[in-house]
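Before any comments, here is the structure.
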Amino acid sequence: YQEKLAKGIAIAVNPQGFKAWLAKNHPAANGLGARILARPRMFILAGDVGSGKTTLAESIGDSVARQDKYGKVPVRLYKLSLAVRGTGHVGEVSLLITEAFAEVADEAKKAKGASGGSRMGFVLLIDEADALAQSRENVQMHHEDRAGVNAVVRGIDRIPAGDLPMVVLMCTNRLAAIDPAVRRRAADVLEFQRPDPAQRKALLSGLLGACGLSVGEIDSLAKLTGPVDGRNYGFTH
C-alpha cells in the first residue's frame, strides 16, 4: 500500500512530473494520462484499529518526497483535528471544516509555479473520518453533522477544480459509516487487513525472539493470535 499510495499522491501533487514521464515512456497514451490526472484528489485508508492506517498516512509524505519516478517534491502534512466538531454552536462545524480546507488550499496555491508545476505538495489528513464524514442517510443524524459532511464534500471538490497540489487522506475503521458521496470521491480505497500468519510470526519473532522463546513457541503464539476455535477473527482490541 505504501508504494501504491505514494505514486497516487505524487501524480496528484506533481502532475507535470507525471506528464513528463508519460511523454517519455508512453507518448501515445495521452487519453489514459488525462483520465488518471482527472481522478479525485482523495484516498481512503480503511481497516481495523491498530492496522497501521494512520501511521502510513502520517509518514507517506516522506516516500513521496524521495521517489524519483515523477520527480521529487517535498510534502507538508496537515492533520484535521476532531476539534473541528466545535462546541455545538449553529454553523460552527461547517465553518471550521471550510476554514481548514481553505488554509491548506491557500498554501497549495502559493506553491504552484508559473509553468503549472509545484514546488511542494500538501496532504490534509482526516483521521477517524467517520466522525466527520458519516453517512447523511442516517435519519437520526443531527443537522450540524449533516452540514459538516456537506462542507467536507465541498472541500474535496474544490481541490481538482483549483488544480491544487493537494490531496486528502481519510482514515477510518468504519468504512460503511462514511457517507456514500464521500466514498464515491475517493481515487482509491485501501483496505488494511489483519496480519496473516507469516506476518504475525515475523512480528512476534522480532519482539520475543531475544526472550528465549523457541521457534515452536512463537509458531504457537502466531496461531493463537489468529482465527482459532471457531472464532473467525484474530487478536483484537
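Ordered as shown in the C-alpha cells, chains take letters A, B, and onward, while each chain numbers its residues from 1 and ligands are numbered from 1 in the order shown.
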Practice problem: Using DSSP on the backbone coordinates, identify the residues of segment 20-204 of chain A assigned to strand (DSSP E or B); present them as a PyMOL selection string. | Solution: chain A and resi 42-47+75-80+112+118+121-126+134+166-172+178+188-192
With the cut-off set at 7 Å and counting only C-alpha atoms, tabulate each residue of segment 1-92 of chain A with an atom at most that distance from an atom of segment 165-175 of chain A, showing the nearest atom pair and its distance in Å to one decimal, ordered by chain and increasing number, as JSON lines.
{"residue": "A:Ile9", "atom": "CA", "partner": "A:Val167", "partner_atom": "CA", "distance": 6.8}
{"residue": "A:Ala12", "atom": "CA", "partner": "A:Pro165", "partner_atom": "CA", "distance": 6.2}
{"residue": "A:Val13", "atom": "CA", "partner": "A:Pro165", "partner_atom": "CA", "distance": 3.8}
{"residue": "A:Asn14", "atom": "CA", "partner": "A:Pro165", "partner_atom": "CA", "distance": 6.5}
{"residue": "A:Arg41", "atom": "CA", "partner": "A:Val167", "partner_atom": "CA", "distance": 4.8}
{"residue": "A:Met42", "atom": "CA", "partner": "A:Val168", "partner_atom": "CA", "distance": 4.6}
{"residue": "A:Phe43", "atom": "CA", "partner": "A:Leu169", "partner_atom": "CA", "distance": 5.1}
{"residue": "A:Ile44", "atom": "CA", "partner": "A:Met170", "partner_atom": "CA", "distance": 4.7}
{"residue": "A:Leu45", "atom": "CA", "partner": "A:Cys171", "partner_atom": "CA", "distance": 4.8}
{"residue": "A:Ala46", "atom": "CA", "partner": "A:Thr172", "partner_atom": "CA", "distance": 5.0}
{"residue": "A:Gly47", "atom": "CA", "partner": "A:Asn173", "partner_atom": "CA", "distance": 4.9}
{"residue": "A:Asp48", "atom": "CA", "partner": "A:Asn173", "partner_atom": "CA", "distance": 5.2}
{"residue": "A:Val49", "atom": "CA", "partner": "A:Asn173", "partner_atom": "CA", "distance": 6.2}
{"residue": "A:Lys53", "atom": "CA", "partner": "A:Cys171", "partner_atom": "CA", "distance": 6.3}
{"residue": "A:Thr54", "atom": "CA", "partner": "A:Cys171", "partner_atom": "CA", "distance": 6.4}
{"residue": "A:Ala57", "atom": "CA", "partner": "A:Leu169", "partner_atom": "CA", "distance": 6.9}
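Excluding segment 144-161 of chain A and any residue on its chain fewer than 5 positions from it, the residues at most 6 Å away by only C-alpha atoms are Val93, Ser94, Thr98, Phe101, Ala133 and Arg136 of chain A.
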For those residues, write all heavy atoms to a file as a PDB file, in the first residue's frame.
ATOM      1  N   VAL A  93     -19.470  23.759  12.944  1.00  0.00           N
ATOM      2  CA  VAL A  93     -18.772  22.616  12.352  1.00  0.00           C
ATOM      3  C   VAL A  93     -18.408  22.894  10.895  1.00  0.00           C
ATOM      4  O   VAL A  93     -17.250  22.746  10.490  1.00  0.00           O
ATOM      5  CB  VAL A  93     -19.631  21.336  12.445  1.00  0.00           C
ATOM      6  CG1 VAL A  93     -18.912  20.176  11.754  1.00  0.00           C
ATOM      7  CG2 VAL A  93     -19.936  20.982  13.881  1.00  0.00           C
ATOM      8  N   SER A  94     -19.399  23.293  10.114  1.00  0.00           N
ATOM      9  CA  SER A  94     -19.139  23.530   8.690  1.00  0.00           C
ATOM     10  C   SER A  94     -18.150  24.675   8.488  1.00  0.00           C
ATOM     11  O   SER A  94     -17.303  24.628   7.587  1.00  0.00           O
ATOM     12  CB  SER A  94     -20.448  23.816   7.947  1.00  0.00           C
ATOM     13  OG  SER A  94     -21.130  24.903   8.519  1.00  0.00           O
ATOM     14  N   THR A  98     -14.571  24.173   6.659  1.00  0.00           N
ATOM     15  CA  THR A  98     -14.307  25.004   5.479  1.00  0.00           C
ATOM     16  C   THR A  98     -13.021  25.793   5.650  1.00  0.00           C
ATOM     17  O   THR A  98     -12.204  25.895   4.718  1.00  0.00           O
ATOM     18  CB  THR A  98     -15.488  25.969   5.234  1.00  0.00           C
ATOM     19  OG1 THR A  98     -16.676  25.204   5.013  1.00  0.00           O
ATOM     20  CG2 THR A  98     -15.216  26.855   4.027  1.00  0.00           C
ATOM     21  N   PHE A 101      -9.911  23.423   5.199  1.00  0.00           N
ATOM     22  CA  PHE A 101      -9.630  23.161   3.783  1.00  0.00           C
ATOM     23  C   PHE A 101      -9.044  24.405   3.111  1.00  0.00           C
ATOM     24  O   PHE A 101      -8.102  24.309   2.320  1.00  0.00           O
ATOM     25  CB  PHE A 101     -10.913  22.738   3.063  1.00  0.00           C
ATOM     26  CG  PHE A 101     -11.184  21.261   3.087  1.00  0.00           C
ATOM     27  CD1 PHE A 101     -11.924  20.694   4.107  1.00  0.00           C
ATOM     28  CD2 PHE A 101     -10.698  20.433   2.091  1.00  0.00           C
ATOM     29  CE1 PHE A 101     -12.183  19.330   4.138  1.00  0.00           C
ATOM     30  CE2 PHE A 101     -10.939  19.063   2.096  1.00  0.00           C
ATOM     31  CZ  PHE A 101     -11.687  18.510   3.133  1.00  0.00           C
ATOM     32  N   ALA A 133     -17.373  12.600   8.470  1.00  0.00           N
ATOM     33  CA  ALA A 133     -17.977  12.351   7.158  1.00  0.00           C
ATOM     34  C   ALA A 133     -18.937  11.176   7.224  1.00  0.00           C
ATOM     35  O   ALA A 133     -19.036  10.382   6.297  1.00  0.00           O
ATOM     36  CB  ALA A 133     -16.889  12.097   6.121  1.00  0.00           C
ATOM     37  N   ARG A 136     -25.032  10.651   5.590  1.00  0.00           N
ATOM     38  CA  ARG A 136     -26.197  11.510   5.764  1.00  0.00           C
ATOM     39  C   ARG A 136     -27.498  10.740   5.589  1.00  0.00           C
ATOM     40  O   ARG A 136     -28.580  11.305   5.744  1.00  0.00           O
ATOM     41  CB  ARG A 136     -26.135  12.672   4.774  1.00  0.00           C
ATOM     42  CG  ARG A 136     -25.047  13.684   5.080  1.00  0.00           C
ATOM     43  CD  ARG A 136     -24.802  14.629   3.930  1.00  0.00           C
ATOM     44  NE  ARG A 136     -24.211  13.936   2.794  1.00  0.00           N
ATOM     45  CZ  ARG A 136     -23.809  14.538   1.675  1.00  0.00           C
ATOM     46  NH1 ARG A 136     -23.929  15.838   1.549  1.00  0.00           N
ATOM     47  NH2 ARG A 136     -23.298  13.838   0.681  1.00  0.00           N
TER      48      ARG A 136
END
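Pairwise distance (atom CA of Ser118 of chain A, atom CA of Leu37 of chain A) equals 14.7 Å.
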Quiz item: Between A:Gln134, A:Asn232, A:Ser59, A:Gln199, which has the minimum distance to Arg76 of chain A (counting only C-alpha atoms)?
Solution: A:Ser59
Self-check item: DSSP-assigned helix (DSSP H, G or I) among segment 15-139 of chain A, expressed as an MDAnalysis selection string
Solution: chainID A and resid 15:25 30:37 53:66 82:85 92:111 129:131
Quiz prompt | One-decimal distance in Å that lies between atom CA of Arg66 of chain A and atom CA of Gly206 of chain A | solution =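 Taking atom CA of Gly206 of chain A as the start and atom CA of Arg66 of chain A as the end point, the length is 27.4 Å.
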Quiz prompt | A:Leu125, A:Val104, A:Glu217, A:Lys7 ranked by distance to Lys79 of chain A, top pick (using only C-alpha atoms) | solution =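 Using only C-alpha atoms, the shortest distance to Lys79 of chain A belongs to A:Leu125.
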Exercise. For Glu137 of chain A, list every protein, DNA or RNA residue within 12 Å, evaluated using only C-alpha atoms, and leave out those in the same chain fewer than 2 positions away; present the list as an MDAnalysis selection string.
Key: chainID A and resid 133:135 139:143 145:146 149 176:181
Could you list, as a compact mmCIF listing (two decimals) with C-alpha atoms, in the first residue's frame, every residue within 10 Å of Lys112 of chain A, counting only C-alpha atoms and ignoring same-chain residues fewer than 3 positions away?
# COMPACT_ATOMS: atom_id res chain seq x y z
CA VAL A 13 0.75 16.94 -6.27
CA ASN A 14 3.19 16.97 -9.20
CA GLU A 107 -0.72 27.22 0.94
CA ALA A 108 -1.09 24.92 -2.08
CA LYS A 109 -1.86 27.89 -4.34
CA SER A 115 4.59 26.74 -15.64
CA GLY A 116 1.94 24.71 -13.82
CA GLY A 117 4.40 22.70 -11.75
CA SER A 118 4.51 22.75 -7.97
CA ARG A 119 7.34 23.42 -5.52
CA MET A 120 5.61 21.46 -2.75
CA GLY A 121 2.75 19.02 -2.22
CA ASP A 163 -5.81 22.27 -9.86
CA LEU A 164 -4.07 22.37 -6.48
CA PRO A 165 -1.03 20.23 -5.50
